[in-house]
$ cat input-v2.tsv   # TSV, C-alpha atoms
chain	number	residue	atom	x	y	z
A	553	MET	CA	20.69	-18.93	-29.54
A	554	LYS	CA	21.37	-19.68	-25.88
A	555	LYS	CA	25.11	-19.89	-26.40
A	556	ALA	CA	25.17	-16.67	-28.40
A	557	LEU	CA	23.29	-14.81	-25.65
A	558	LEU	CA	25.56	-16.23	-22.98
A	559	ILE	CA	28.64	-15.23	-24.94
A	560	ILE	CA	27.31	-11.69	-25.41
A	561	CYS	CA	26.52	-11.44	-21.72
A	562	VAL	CA	29.96	-12.67	-20.65
A	563	VAL	CA	32.24	-11.20	-23.32
A	564	LEU	CA	30.85	-7.65	-23.26
A	565	PRO	CA	31.62	-7.15	-19.57
A	566	LEU	CA	35.14	-8.47	-20.13
A	567	LEU	CA	35.65	-6.11	-23.07
A	568	GLY	CA	34.31	-3.30	-20.96
A	569	PHE	CA	36.65	-3.99	-18.09
A	570	SER	CA	39.64	-3.99	-20.37
A	571	GLN	CA	38.84	-0.61	-21.90
A	572	ASN	CA	40.55	2.51	-20.71
A	573	ILE	CA	37.73	4.96	-20.12
A	574	LYS	CA	38.51	8.61	-19.52
A	575	ASN	CA	37.80	9.72	-16.01
A	576	LYS	CA	34.84	12.00	-16.48
A	577	ASN	CA	33.48	11.61	-12.97
A	578	GLU	CA	35.55	11.41	-9.83
A	579	GLY	CA	34.33	9.82	-6.62
A	580	ILE	CA	31.44	7.52	-5.98
A	581	GLU	CA	28.64	7.29	-8.53
A	582	TRP	CA	25.55	5.42	-7.55
A	583	GLY	CA	22.43	4.51	-9.42
A	584	LEU	CA	18.95	3.44	-8.51
A	585	SER	CA	16.56	2.09	-11.12
A	586	GLY	CA	13.07	0.72	-11.46
A	587	SER	CA	11.99	-1.22	-14.54
A	588	LEU	CA	9.21	-3.20	-16.03
A	589	TYR	CA	10.52	-6.73	-16.17
A	590	GLN	CA	9.39	-9.68	-18.27
A	591	PRO	CA	11.15	-13.04	-18.01
A	592	PHE	CA	10.62	-15.89	-20.48
A	593	LEU	CA	11.52	-19.36	-19.24
A	594	GLN	CA	13.33	-21.32	-21.92
A	595	GLY	CA	13.35	-24.96	-22.95
A	596	ASN	CA	11.30	-28.03	-22.11
A	597	ASN	CA	11.35	-28.13	-18.33
A	598	PHE	CA	9.16	-27.72	-15.26
A	599	LEU	CA	9.45	-23.94	-14.90
A	600	ALA	CA	8.98	-23.27	-18.60
A	601	ASN	CA	6.01	-25.59	-19.05
A	602	ASP	CA	4.12	-25.33	-15.77
A	603	TYR	CA	4.11	-21.56	-15.26
A	604	SER	CA	2.85	-18.58	-17.24
A	605	VAL	CA	4.72	-15.42	-16.27
A	606	PHE	CA	3.17	-11.95	-16.29
A	607	PRO	CA	5.11	-8.65	-16.49
A	608	GLY	CA	6.62	-7.58	-13.18
A	609	VAL	CA	9.04	-5.07	-11.72
A	610	GLN	CA	12.76	-4.96	-11.15
A	611	PHE	CA	14.72	-2.69	-8.79
A	612	THR	CA	18.45	-2.19	-8.94
A	613	LEU	CA	20.92	-0.38	-6.71
A	614	LYS	CA	24.49	-0.04	-7.87
A	615	ALA	CA	27.63	1.89	-7.11
A	616	ARG	CA	31.07	2.40	-8.62
A	617	TYR	CA	34.13	4.47	-7.83
A	618	ASN	CA	36.15	6.61	-10.23
A	619	ASN	CA	34.78	4.90	-13.34
A	620	LEU	CA	36.05	1.53	-12.18
A	621	PRO	CA	33.76	-1.50	-12.51
A	622	GLY	CA	31.02	-1.29	-9.89
A	623	ILE	CA	28.86	-3.64	-7.93
A	624	GLY	CA	25.11	-3.76	-7.53
A	625	GLY	CA	22.15	-5.67	-6.27
A	626	VAL	CA	18.93	-6.50	-8.05
A	627	LEU	CA	15.45	-7.55	-6.91
A	628	SER	CA	12.59	-8.52	-9.14
A	629	GLY	CA	9.17	-10.03	-8.82
A	630	ASN	CA	6.57	-11.43	-11.21
A	631	ILE	CA	3.09	-12.77	-10.71
A	632	THR	CA	2.74	-16.17	-12.35
A	633	ARG	CA	-0.04	-18.64	-13.05
A	634	ILE	CA	0.31	-22.38	-12.66
A	635	ASN	CA	-0.68	-24.18	-15.83
A	636	ASN	CA	-1.99	-27.72	-15.78
A	637	SER	CA	0.86	-29.13	-13.69
A	638	LYS	CA	1.35	-32.77	-12.85
A	639	PHE	CA	3.59	-31.78	-9.94
A	640	LEU	CA	1.58	-29.00	-8.33
A	641	ALA	CA	-1.94	-30.18	-9.25
A	642	ASP	CA	-4.48	-27.66	-8.00
A	643	PHE	CA	-3.05	-27.15	-4.53
A	644	PHE	CA	-2.05	-23.56	-5.08
A	645	GLU	CA	-4.19	-20.56	-5.84
A	646	ASN	CA	-1.40	-18.08	-6.49
A	647	SER	CA	2.22	-18.16	-7.45
A	648	ARG	CA	5.04	-15.76	-8.14
A	649	PHE	CA	8.68	-15.67	-9.13
A	650	GLN	CA	11.21	-13.73	-7.06
A	651	GLU	CA	14.73	-13.04	-8.19
A	652	THR	CA	17.59	-11.56	-6.20
A	653	GLY	CA	21.16	-11.13	-7.22
A	654	LEU	CA	24.48	-9.39	-6.85
A	655	PHE	CA	26.36	-8.32	-9.96
A	656	VAL	CA	29.48	-6.62	-11.25
A	657	TYR	CA	28.96	-4.02	-13.95
A	658	HIS	CA	30.80	-1.58	-16.10
A	659	ILE	CA	29.65	1.40	-18.15
A	660	ILE	CA	30.93	1.77	-21.70
A	661	PRO	CA	30.12	5.19	-23.20
A	662	ILE	CA	29.00	5.01	-26.84
A	663	SER	CA	28.21	8.70	-27.33
A	664	GLU	CA	27.51	11.76	-25.20
A	665	LYS	CA	24.08	10.50	-24.25
A	666	ILE	CA	24.13	6.76	-24.81
A	667	SER	CA	26.09	4.14	-22.93
A	668	VAL	CA	26.08	0.37	-22.69
A	669	GLU	CA	26.20	-1.35	-19.34
A	670	PRO	CA	27.08	-5.05	-19.25
A	671	ARG	CA	26.64	-7.01	-16.03
A	672	ILE	CA	27.46	-10.48	-14.77
A	673	GLY	CA	26.04	-11.77	-11.54
A	674	TYR	CA	24.90	-14.53	-9.29
A	675	GLY	CA	21.72	-14.83	-7.31
A	676	ASN	CA	18.67	-16.71	-6.26
A	677	PHE	CA	15.48	-17.50	-8.14
A	678	VAL	CA	12.48	-18.64	-6.15
A	679	ALA	CA	9.19	-20.02	-7.44
A	680	VAL	CA	6.74	-19.33	-4.62
A	681	ASN	CA	3.48	-21.27	-4.71
A	682	ILE	CA	0.84	-19.93	-2.40
A	683	ASP	CA	-2.07	-21.72	-0.85
A	684	ASP	CA	-4.46	-19.78	1.37
A	685	THR	CA	-2.52	-20.83	4.46
A	686	GLN	CA	0.97	-21.78	3.36
A	687	LYS	CA	3.75	-21.34	0.84
A	688	PHE	CA	5.71	-23.94	-1.06
A	689	ARG	CA	9.00	-22.53	-2.32
A	690	LEU	CA	11.32	-23.95	-4.92
A	691	ASN	CA	14.81	-22.43	-4.78
A	692	TYR	CA	17.10	-22.17	-7.77
A	693	ASP	CA	20.63	-20.74	-8.08
A	694	ARG	CA	20.92	-18.26	-10.91
A	695	ILE	CA	23.99	-17.20	-12.87
A	696	PHE	CA	23.13	-14.33	-15.14
A	697	GLY	CA	24.48	-11.88	-17.63
A	698	GLN	CA	22.72	-8.68	-18.57
A	699	VAL	CA	23.25	-5.94	-21.12
A	700	ASN	CA	21.52	-2.60	-20.58
A	701	VAL	CA	21.50	0.39	-22.85
A	702	SER	CA	21.19	3.71	-21.06
A	703	CYS	CA	19.97	6.92	-22.74
A	704	PHE	CA	20.37	10.29	-21.01
A	705	LEU	CA	17.04	12.04	-20.44
A	706	MET	CA	17.63	15.02	-18.15
A	707	LYS	CA	19.81	16.48	-15.45
A	708	SER	CA	18.54	16.46	-11.91
A	709	GLY	CA	20.26	19.07	-9.74
A	710	ASP	CA	24.03	19.55	-9.81
A	711	TYR	CA	25.02	15.96	-9.26
A	712	GLY	CA	22.19	13.86	-10.60
A	713	GLU	CA	20.87	12.68	-13.92
A	714	CYS	CA	17.89	10.68	-15.11
A	715	ASN	CA	18.30	8.00	-17.77
A	716	LEU	CA	16.02	5.75	-19.78
A	717	ILE	CA	17.31	2.19	-19.58
A	718	GLY	CA	16.41	-0.97	-21.44
A	719	GLY	CA	18.06	-4.30	-21.98
A	720	PHE	CA	17.98	-8.02	-21.75
A	721	ALA	CA	19.35	-10.66	-19.41
A	722	TYR	CA	20.05	-14.33	-19.76
A	723	GLY	CA	20.30	-16.59	-16.75
A	724	ILE	CA	20.93	-20.26	-16.10
A	725	LEU	CA	18.89	-21.77	-13.28
A	726	ASN	CA	20.00	-24.75	-11.23
A	727	GLY	CA	17.68	-26.17	-8.58
A	728	HIS	CA	20.11	-28.64	-7.08
A	729	ARG	CA	18.51	-28.23	-3.66
A	730	ILE	CA	15.18	-29.59	-4.90
A	731	ASN	CA	14.71	-33.16	-3.72
A	732	ILE	CA	12.68	-35.20	-6.18
A	733	ASN	CA	12.78	-38.69	-7.66
A	734	GLN	CA	15.57	-39.55	-10.12
A	735	ASP	CA	13.35	-39.66	-13.23
A	736	ASP	CA	12.00	-36.14	-12.84
A	737	ARG	CA	15.16	-34.56	-11.43
A	738	ASN	CA	16.58	-33.04	-14.60
A	739	TYR	CA	13.18	-31.85	-15.76
A	740	VAL	CA	12.52	-29.97	-12.52
A	741	GLN	CA	16.00	-28.80	-11.54
A	742	LYS	CA	17.29	-27.29	-14.79
A	743	SER	CA	16.00	-24.26	-16.60
A	744	SER	CA	17.10	-21.00	-18.16
A	745	VAL	CA	15.52	-17.61	-18.43
A	746	LEU	CA	15.66	-14.80	-20.97
A	747	ALA	CA	14.36	-11.52	-19.59
A	748	PHE	CA	13.72	-8.02	-20.92
A	749	ASN	CA	13.56	-4.81	-18.93
A	750	LEU	CA	12.64	-1.19	-19.62
A	751	GLY	CA	12.68	1.57	-17.03
A	752	ILE	CA	14.10	4.71	-15.49
A	753	GLU	CA	17.42	5.12	-13.73
A	754	LEU	CA	18.57	7.86	-11.39
A	755	VAL	CA	22.31	8.40	-11.20
A	756	PHE	CA	24.07	10.56	-8.62
A	757	HIS	CA	27.70	11.54	-8.44
B	1064	MET	CA	22.87	20.02	-1.75
B	1065	ASP	CA	26.57	19.44	-1.47
B	1066	LYS	CA	28.46	16.23	-2.10
B	1067	ILE	CA	28.52	15.12	1.54
B	1068	ASN	CA	24.75	14.95	1.75
B	1069	PHE	CA	24.61	12.87	-1.39
B	1070	ARG	CA	27.06	10.43	0.13
B	1071	LEU	CA	24.82	10.18	3.17
B	1072	ILE	CA	21.80	9.44	0.98
B	1073	TYR	CA	23.89	6.92	-0.88
B	1074	LEU	CA	24.86	5.15	2.33
B	1075	ILE	CA	21.26	5.06	3.53
B	1076	GLY	CA	20.17	3.72	0.16
B	1077	VAL	CA	22.80	1.01	0.19
B	1078	PHE	CA	21.86	0.03	3.72
B	1079	ALA	CA	18.14	-0.15	2.90
B	1080	PHE	CA	18.73	-2.08	-0.28
B	1081	SER	CA	21.11	-4.51	1.44
B	1082	PHE	CA	18.50	-5.11	4.10
B	1083	LEU	CA	15.88	-5.88	1.44
B	1084	LEU	CA	18.31	-8.13	-0.37
B	1085	ILE	CA	19.29	-10.07	2.73
B	1086	THR	CA	15.73	-10.57	3.94
B	1087	SER	CA	14.50	-11.63	0.54
B	1088	CYS	CA	17.42	-14.04	0.15
B	1089	LYS	CA	16.34	-16.03	3.19
B	1090	LEU	CA	16.24	-19.62	2.08
B	1091	TYR	CA	13.27	-21.74	2.94
B	1092	GLU	CA	14.19	-25.30	2.23
B	1093	ASP	CA	10.81	-26.59	1.30
B	1094	ASN	CA	12.20	-27.92	-1.96
B	1095	GLU	CA	10.79	-31.36	-1.33
B	1096	PHE	CA	8.61	-33.48	-3.59
B	1097	THR	CA	7.34	-36.88	-2.50
B	1098	THR	CA	6.81	-39.51	-5.20
B	1099	PHE	CA	4.20	-42.24	-4.90
B	1100	GLN	CA	4.52	-44.92	-7.54
B	1101	GLY	CA	3.55	-48.51	-8.24
B	1102	VAL	CA	2.37	-51.03	-10.78
B	1103	LEU	CA	-1.26	-52.13	-11.05
B	1104	ILE	CA	-1.72	-55.72	-12.16
B	1105	PHE	CA	-4.72	-57.99	-12.49
B	1106	GLU	CA	-4.85	-61.24	-10.57
B	1107	ASP	CA	-3.73	-63.20	-13.61
B	1108	GLY	CA	-0.52	-61.12	-13.70
B	1109	THR	CA	-1.31	-58.92	-16.70
B	1110	PRO	CA	-0.64	-55.20	-16.29
B	1111	ALA	CA	-3.72	-53.02	-15.79
B	1112	GLN	CA	-3.37	-50.55	-18.64
B	1113	ASN	CA	-5.04	-47.17	-18.92
B	1114	ILE	CA	-6.74	-47.35	-15.52
B	1115	GLU	CA	-7.49	-44.02	-13.82
B	1116	VAL	CA	-5.97	-43.85	-10.35
B	1117	VAL	CA	-6.88	-41.07	-7.92
B	1118	PHE	CA	-4.43	-39.90	-5.26
B	1119	ALA	CA	-6.15	-38.23	-2.33
B	1120	ASN	CA	-5.40	-36.99	1.14
B	1121	GLU	CA	-7.40	-36.81	4.32
B	1122	ILE	CA	-9.31	-33.70	3.29
B	1123	LEU	CA	-11.14	-35.73	0.72
B	1124	LEU	CA	-11.91	-38.46	3.21
B	1125	VAL	CA	-13.41	-35.97	5.65
B	1126	GLU	CA	-15.51	-34.55	2.90
B	1127	MET	CA	-16.61	-37.99	1.87
B	1128	GLU	CA	-17.74	-38.72	5.39
B	1129	GLY	CA	-19.70	-35.50	5.14
B	1130	PHE	CA	-21.51	-37.13	2.22
B	1131	SER	CA	-19.92	-34.97	-0.43
B	1132	TRP	CA	-18.23	-37.12	-3.04
B	1133	ASN	CA	-17.95	-34.55	-5.75
B	1134	ASP	CA	-17.02	-31.39	-3.85
B	1135	ALA	CA	-13.57	-32.51	-2.94
B	1136	SER	CA	-11.10	-31.37	-5.53
B	1137	ASN	CA	-8.35	-29.84	-3.40
B	1138	GLY	CA	-5.09	-31.71	-3.55
B	1139	ILE	CA	-6.22	-34.56	-5.70
B	1140	TYR	CA	-4.11	-36.02	-8.45
B	1141	ARG	CA	-5.54	-38.14	-11.20
B	1142	GLY	CA	-3.39	-40.23	-13.46
B	1143	LYS	CA	-3.72	-43.15	-15.81
B	1144	THR	CA	-1.54	-46.22	-15.78
B	1145	ASN	CA	0.68	-46.70	-18.80
B	1146	GLU	CA	1.00	-49.82	-20.97
B	1147	ARG	CA	3.00	-51.56	-18.22
B	1148	GLY	CA	0.42	-50.64	-15.56
B	1149	VAL	CA	2.73	-48.07	-13.94
B	1150	PHE	CA	1.31	-45.02	-12.17
B	1151	LYS	CA	3.20	-42.17	-10.50
B	1152	PHE	CA	2.21	-39.11	-8.46
B	1153	VAL	CA	4.73	-36.41	-7.52
B	1154	VAL	CA	3.43	-34.25	-4.70
B	1155	PRO	CA	4.80	-31.18	-2.86
B	1156	LYS	CA	5.86	-32.48	0.52
B	1157	LYS	CA	5.05	-29.46	2.58
B	1158	ASN	CA	1.35	-29.72	2.03
B	1159	PHE	CA	1.20	-32.98	3.85
B	1160	GLN	CA	3.29	-31.77	6.72
B	1161	PHE	CA	0.61	-29.17	7.20
B	1162	ALA	CA	-2.05	-31.82	7.04
B	1163	LEU	CA	-0.18	-33.66	9.77
B	1164	SER	CA	-0.26	-30.74	12.18
B	1165	ALA	CA	-3.88	-30.05	11.43
B	1166	ARG	CA	-4.78	-33.45	12.75
B	1167	ASP	CA	-3.08	-33.03	16.11
B	1168	ASN	CA	-0.24	-35.43	15.44
B	1169	PHE	CA	-2.29	-38.13	13.83
B	1170	ASP	CA	-0.60	-39.48	10.75
B	1171	PRO	CA	-1.93	-37.79	7.65
B	1172	LEU	CA	-3.98	-40.09	5.48
B	1173	TYR	CA	-2.86	-40.52	1.91
B	1174	TYR	CA	-4.66	-43.07	-0.13
B	1175	LEU	CA	-5.42	-44.26	-3.64
B	1176	TYR	CA	-8.63	-45.35	-5.22
B	1177	ILE	CA	-9.57	-46.36	-8.73
B	1178	GLU	CA	-12.43	-45.04	-10.77
B	1179	PRO	CA	-14.89	-46.43	-11.38
B	1180	ASP	CA	-15.27	-50.12	-10.62
B	1181	PHE	CA	-12.09	-51.68	-9.30
B	1182	VAL	CA	-10.88	-52.69	-5.84
B	1183	PHE	CA	-7.39	-53.33	-4.52
B	1184	GLY	CA	-6.39	-56.81	-3.40
B	1185	VAL	CA	-4.44	-56.10	-0.22
B	1186	GLU	CA	-2.54	-58.89	1.47
B	1187	LYS	CA	-3.21	-59.03	5.21
B	1188	ASN	CA	-2.31	-61.98	7.44
B	1189	ASP	CA	-1.67	-64.20	4.41
B	1190	GLU	CA	-5.13	-63.45	3.07
B	1191	ILE	CA	-6.01	-61.12	0.24
B	1192	THR	CA	-8.77	-58.76	1.24
B	1193	GLU	CA	-10.59	-56.39	-1.09
B	1194	GLU	CA	-10.20	-52.69	-0.30
B	1195	ILE	CA	-11.71	-49.71	-2.09
B	1196	TYR	CA	-9.03	-47.39	-0.67
B	1197	LEU	CA	-5.36	-48.25	-0.58
B	1198	PHE	CA	-3.89	-46.35	2.38
B	1199	LEU	CA	-0.29	-45.34	1.81
B	1200	ASN	CA	0.73	-44.63	5.40
B	1201	GLU	CA	1.87	-48.14	6.10
B	1202	TYR	CA	4.60	-47.96	3.48
B	1203	SER	CA	7.98	-46.36	4.06
B	1204	ILE	CA	9.44	-43.49	2.06
B	1205	ASN	CA	13.12	-43.64	1.09
B	1206	GLU	CA	15.74	-40.87	1.24
B	1207	GLN	CA	14.86	-39.59	-2.20
B	1208	GLN	CA	11.30	-39.15	-1.01
B	1209	VAL	CA	10.00	-42.05	-3.08
B	1210	LEU	CA	7.33	-44.44	-1.87
B	1211	ASP	CA	7.37	-47.46	-4.18
B	1212	LEU	CA	4.37	-49.76	-3.88
B	1213	SER	CA	5.79	-52.12	-6.55
B	1214	ASN	CA	3.03	-54.55	-7.61
B	1215	VAL	CA	-0.54	-53.86	-6.51
B	1216	PHE	CA	-3.29	-56.34	-7.41
B	1217	ILE	CA	-6.63	-55.01	-8.54
B	1218	LYS	CA	-9.87	-56.72	-9.56
B	1219	PRO	CA	-13.24	-55.58	-10.86
B	1220	LEU	CA	-15.93	-54.93	-8.26
$ encode --input "input-v2.tsv" --output "structure tokens"
Amino acid sequence: MKKALLIICVVLPLLGFSQNIKNKNEGIEWGLSGSLYQPFLQGNNFLANDYSVFPGVQFTLKARYNNLPGIGGVLSGNITRINNSKFLADFFENSRFQETGLFVYHIIPISEKISVEPRIGYGNFVAVNIDDTQKFRLNYDRIFGQVNVSCFLMKSGDYGECNLIGGFAYGILNGHRININQDDRNYVQKSSVLAFNLGIELVFH
Amino acid sequence: MDKINFRLIYLIGVFAFSFLLITSCKLYEDNEFTTFQGVLIFEDGTPAQNIEVVFANEILLVEMEGFSWNDASNGIYRGKTNERGVFKFVVPKKNFQFALSARDNFDPLYYLYIEPDFVFGVEKNDEITEEIYLFLNEYSINEQQVLDLSNVFIKPL
């Protein structure tokens, strides 16, 4: 399952980049999107077992030139709850996950109104645990692939359009900066995340 | 609006988003866990199996002095020894750094006790004295943030 998702997330962008898309739009095209975002931590590890994740939000800004592959940045945040954790005990009242990342993307038109947008990127994943006076942060590196499907909704002015977007992402988390005893190291440092998003995107040419 | 204005909006958007991205990427290296571990054994050398050990910090001690045994639940770990008498507590490090500053540069107090009716046999000046609380401050923590107590003698009260 994991390998299949990873292959989809990596191969689709490569296929996309190799395609010769007709130049429908000249100049810079940029997009701004906001989505509902739900990550699911995978496997038997610290992040997957010790946290429950609630739906959150994701914001993306991206830009490309002359239908070439573009670049973008993504921010997301989710409120989480600490389950009965042997590492965090009951120190923390609140917790949340924050994700940031930079990605390369390409748009593959399927029909007049529908297009597929694969992305690959690299970023940071932080589990923030909050006491009433202090924060305890656990930093993970995140390599991710994402596939979004975009459906045209309406035109907005001469140069803009509004799309409905939805998709999934798969990311591998590596917390190599976390210093912990040898026995628990693998359990705490490694994880992976499968995430789904659904939202609205504004595109301007 | 013409194209130029859209480019301006685009630039402003990119700038604002980059700012958000950079500020949210700021790395706080509080990725530190401290591990406290050891082996509980009885005086005859047999491992103390299935004994509940409580890890506590100074907050609990203060509350105990304020005659409140049961109120203190913040920052306490409870764990049972396994069949070899081994116990282990893995604790976020930053919490205790805060505890340190709160006490005006006094060392923070971390200690263990056993519920309900056991005491530690602590060796001091070649004599074994009985202690209800085993204070962890006198032991050193290695580079991997592990404090290993190795063998700790316990006996019934």
$ residues_around --input "input-v2.tsv" --residues "segment 598-614 of chain A" --least-positions-apart "5" --cutoff "8 Å" --atoms "all atoms listed in the file" --output "ChimeraX atom specification"
/A:582-593,622-637,739-741,743,749 /B:1077,1080
$ write_last_selection --input "input-v2.tsv" --atoms "C-alpha atoms" --output "compact mmCIF listing (two decimals), in the frame of the given file"
# COMPACT_ATOMS: atom_id res chain seq x y z
CA TRP A 582 25.55 5.42 -7.55
CA GLY A 583 22.43 4.51 -9.42
CA LEU A 584 18.95 3.44 -8.51
CA SER A 585 16.56 2.09 -11.12
CA GLY A 586 13.07 0.72 -11.46
CA SER A 587 11.99 -1.22 -14.54
CA LEU A 588 9.21 -3.20 -16.03
CA TYR A 589 10.52 -6.73 -16.17
CA GLN A 590 9.39 -9.68 -18.27
CA PRO A 591 11.15 -13.04 -18.01
CA PHE A 592 10.62 -15.89 -20.48
CA LEU A 593 11.52 -19.36 -19.24
CA GLY A 622 31.02 -1.29 -9.89
CA ILE A 623 28.86 -3.64 -7.93
CA GLY A 624 25.11 -3.76 -7.53
CA GLY A 625 22.15 -5.67 -6.27
CA VAL A 626 18.93 -6.50 -8.05
CA LEU A 627 15.45 -7.55 -6.91
CA SER A 628 12.59 -8.52 -9.14
CA GLY A 629 9.17 -10.03 -8.82
CA ASN A 630 6.57 -11.43 -11.21
CA ILE A 631 3.09 -12.77 -10.71
CA THR A 632 2.74 -16.17 -12.35
CA ARG A 633 -0.04 -18.64 -13.05
CA ILE A 634 0.31 -22.38 -12.66
CA ASN A 635 -0.68 -24.18 -15.83
CA ASN A 636 -1.99 -27.72 -15.78
CA SER A 637 0.86 -29.13 -13.69
CA TYR A 739 13.18 -31.85 -15.76
CA VAL A 740 12.52 -29.97 -12.52
CA GLN A 741 16.00 -28.80 -11.54
CA SER A 743 16.00 -24.26 -16.60
CA ASN A 749 13.56 -4.81 -18.93
CA VAL B 1077 22.80 1.01 0.19
CA PHE B 1080 18.73 -2.08 -0.28
$ closest_atom_pairs --input "input-v2.tsv" --of "chain A" --to "chain B" --cutoff "6 Å" --atoms "all atoms listed in the file" --output "tab-separated table"
residue	atom	partner	partner_atom	distance
A:Phe639	CA	B:Val1153	CA	5.3
A:Phe643	CA	B:Gly1138	CA	5.1
A:Arg689	CA	B:Asp1093	CA	5.7
A:Leu690	CA	B:Asn1094	CA	5.0
A:Ile730	CA	B:Asn1094	CA	4.5
A:Asn731	CA	B:Glu1095	CA	4.9
A:Ile732	CA	B:Phe1096	CA	5.1
A:Asn733	CA	B:Gln1207	CA	5.9
$ residues_around --input "input-v2.tsv" --residues "Gly1184 of chain B" --least-positions-apart "5" --cutoff "9 Å" --atoms "all atoms listed in the file" --output "NGL selection string"
:B and (1106 or 1191-1195 or 1215-1218)
$ write_last_selection --input "input-v2.tsv" --atoms "C-alpha atoms" --output "short mmCIF file (atom, residue, chain, number, x, y, z; two decimals), in the frame of the given file"
data_model
loop_
_atom_site.label_atom_id
_atom_site.label_comp_id
_atom_site.auth_asym_id
_atom_site.auth_seq_id
_atom_site.Cartn_x
_atom_site.Cartn_y
_atom_site.Cartn_z
CA GLU B 1106 -4.85 -61.24 -10.57
CA ILE B 1191 -6.01 -61.12 0.24
CA THR B 1192 -8.77 -58.76 1.24
CA GLU B 1193 -10.59 -56.39 -1.09
CA GLU B 1194 -10.20 -52.69 -0.30
CA ILE B 1195 -11.71 -49.71 -2.09
CA VAL B 1215 -0.54 -53.86 -6.51
CA PHE B 1216 -3.29 -56.34 -7.41
CA ILE B 1217 -6.63 -55.01 -8.54
CA LYS B 1218 -9.87 -56.72 -9.56
#
$ atom_distance --input "input-v2.tsv" --atom1 "atom CA of Ser708 of chain A" --atom2 "atom CA of Ile672 of chain A"
28.5 Å
$ atom_distance --input "input-v2.tsv" --atom1 "atom CA of Glu1178 of chain B" --atom2 "atom CA of Glu645 of chain A"
26.3 Å
$ atom_distance --input "input-v2.tsv" --atom1 "atom CA of Gly675 of chain A" --atom2 "atom CA of Asn726 of chain A"
10.8 Å
$ closest_residue --input "input-v2.tsv" --among "B:Asp1211, B:Asp1180, B:Asp1107, B:Asp1189" --to "Val1149 of chain B" --atoms "all atoms listed in the file"
B:Asp1211
$ residues_around --input "input-v2.tsv" --residues "Asn1145 of chain B" --least-positions-apart "3" --cutoff "12 Å" --atoms "all atoms listed in the file" --output "number ranges by chain"
B: 1101-1104, 1110-1116, 1142, 1148-1151
